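**Q** Attaching a single structure in structure tokens format; questions to follow.
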Amino acid sequence: MSLITMSQHELNRLEAIQKIRNRRLSVVDAARLLSLSRSQVHRLLQAYERDGAAGLVSGKRGRPSNRRHSEEFRNAVLDLVRERYHDFGPTLAREKLLELHQIAVGKETLRQWMTEAGIWTSRRERKQRLFQPRGRRDCFGELIQIDGSHHWWFENRGPKCALLVYIDDATGKLLHLRFALSENTFDYLQATKAYLEQWGKPLAFYSDKHGVFRTTHASETDRTSGLTQFGRALYELNIDIICANTPQAKGRVERANRTLQDRLVKELRLRGINMLEEANAFAPEFIADFNGRFGKEPRNPKDMHRPLAAHENLDGAMCRKEVRTVSQALTLRYEKVIFILDPTDYAKTLPRQKVIVCDYPDGRLEIVHEGTLLPYRTFDTLRSVHRTRVVENKRLGDILSVVAAMQEGREQNRRRHGPSRAGQKDHMFGIPDGSVSNGYQKRGRKPGRRTDFTNDPEVNARRQKALARMQAAE
């Protein structure tokens, strides 16, 4: 005995056909009841006598629609969505497919395709992720949560800046605060150095996935370790760093940031503090008051902070280090500056050898080879050449003025992926490096696109005028 699936509409037809066969209903009344013609009712009777109840089931059931898109078209649309619109909703993706690719497909059809392919999940099917609370660590110094909080800490009295917060997971006590223009490597190195000098080495730091703590892409300069400069510094001091997957995972420091954005802002206002230096000087006083109010006692009184080992150099670790190769002329390049080593007996043995360039947060720069400092002098390849006064000449004067105008429009930059020096003071790289683009400092030029002097009408007019004079003189 086979199982037959029928709709309510088909069940009504089955009931009417059975009544006709039992002489309880006429064909005319059945046609009126089912909204069919008498001929169609007779065809249903013949199908019932031939196949039974299965003869009343629609033959299109289980078969693809005649208006269905082809599999090639469906796969092509899904490949395009995966490539360019993977994070678009079905409605917006359909609009862009029609607007940019001239591909017309129904919104609900696209929604069904994206759902079946796993690209889109409806709101009803999405489950809100649960973040259950995690207990505190047992010991003080076992896990230190660090984070940078961008906020108008000085309200309208000063610039928007970032507060680097170090908080102990076991006690909830603030261990260090530092105001900085932005979250950058040099400021984190300075803050961490001050923390380690005061408290010692914790077992681990717990941070988010900011570029200071975690490489966001494969490193081109160091493909072996995959560490950032901050991670490399902690590795040299035998300190682990753990990156949280979500903000909720490091809720201790996130909730502390919310409290600081309320209390600390008002304390700075009451004391009339408007500058970063004044705020950093006030931070220890605020930390002591904050910990007295909100600090907890750890479950285990043991302090897990460790002292620095004899072979560990805190100052030497808390800097930016890059490896360079010494040329045959005892030179090397860093940040578009040529460093010329003094030709000492030791330096003369270093051609084709690897040396380490140590770029410190306070602006010092050292070149080291196996623990030996190498004296040097510098030549900045970006330093502009001071031109002498142009001599009056009927052929050269206007041309040189045009060249000078074009050169003034060129902006001298350091490496595109070089370090941000917002947190570094008194360094030798004074020419704008383009890295202080964090929104807190003005770049010293007009907003919008840079002027293209090759298409500047005034420059072109002066150039044409100069060429005309040259042709007239010839």
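To be explicit about the labels: the chains of the structure tokens are called A, B, and onward in the order shown, and within each one the residues are counted from 1, while ligands get numbers from 1 in the order they are shown.
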Would you pick out the contacts of Gln198 in chain A at 12 Å or less, using only C-alpha atoms, so that residues sharing its chain but fewer than 2 positions from it are not included, and give the list as an MDAnalysis selection string?
**A** chainID A and resid 175:176 191:196 200:202 284 305:308
**Q** For the strand (DSSP E or B) assignment from backbone DSSP, which residues of range 26-270 of chain A qualify? Please present them as an NGL selection string.
**A** :A and (139-140 or 144-151 or 161-168 or 174-180 or 201 or 204-207 or 240-243)
**Q** I'd like the contact shell of Gly148 in chain A - 8 Å cut-off, only C-alpha atoms, skipping same-chain residues fewer than 5 positions apart - returned as a list of chain:residue names.
**A** A:Ala162, A:Leu163, A:Leu164, A:Val165, A:Glu183
**Q** Mind checking which residues fall within 12 Å of Gln132 in chain A, counting only C-alpha atoms, ignoring those fewer than 4 positions away in the same chain, and posting them as a PDB file with C-alpha atoms, in the first residue's frame?
**A**
ATOM      1  CA  GLN A 248      32.616  40.589  25.637  1.00  0.00           C
ATOM      2  CA  ALA A 249      35.530  38.248  26.376  1.00  0.00           C
ATOM      3  CA  GLY A 251      34.509  42.633  29.658  1.00  0.00           C
TER       4      GLY A 251
END
**Q** Find the spatial neighbours of range 338-347 of chain A, counting only C-alpha atoms, within a cut-off of 6 Å - ignore same-chain residues fewer than 4 positions away - and output them as a PyMOL selection string.
**A** chain A and resi 330-333+375-379
**Q** Which neighbours of Arg61 in chain A fall inside 12 Å, counting only C-alpha atoms, when residues of the same chain fewer than 6 positions from it are skipped, and could you give them as a list in words?
**A**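 The residues satisfying every condition are Ile4, Thr5, Met6, Ser7 and Ala54 of chain A.
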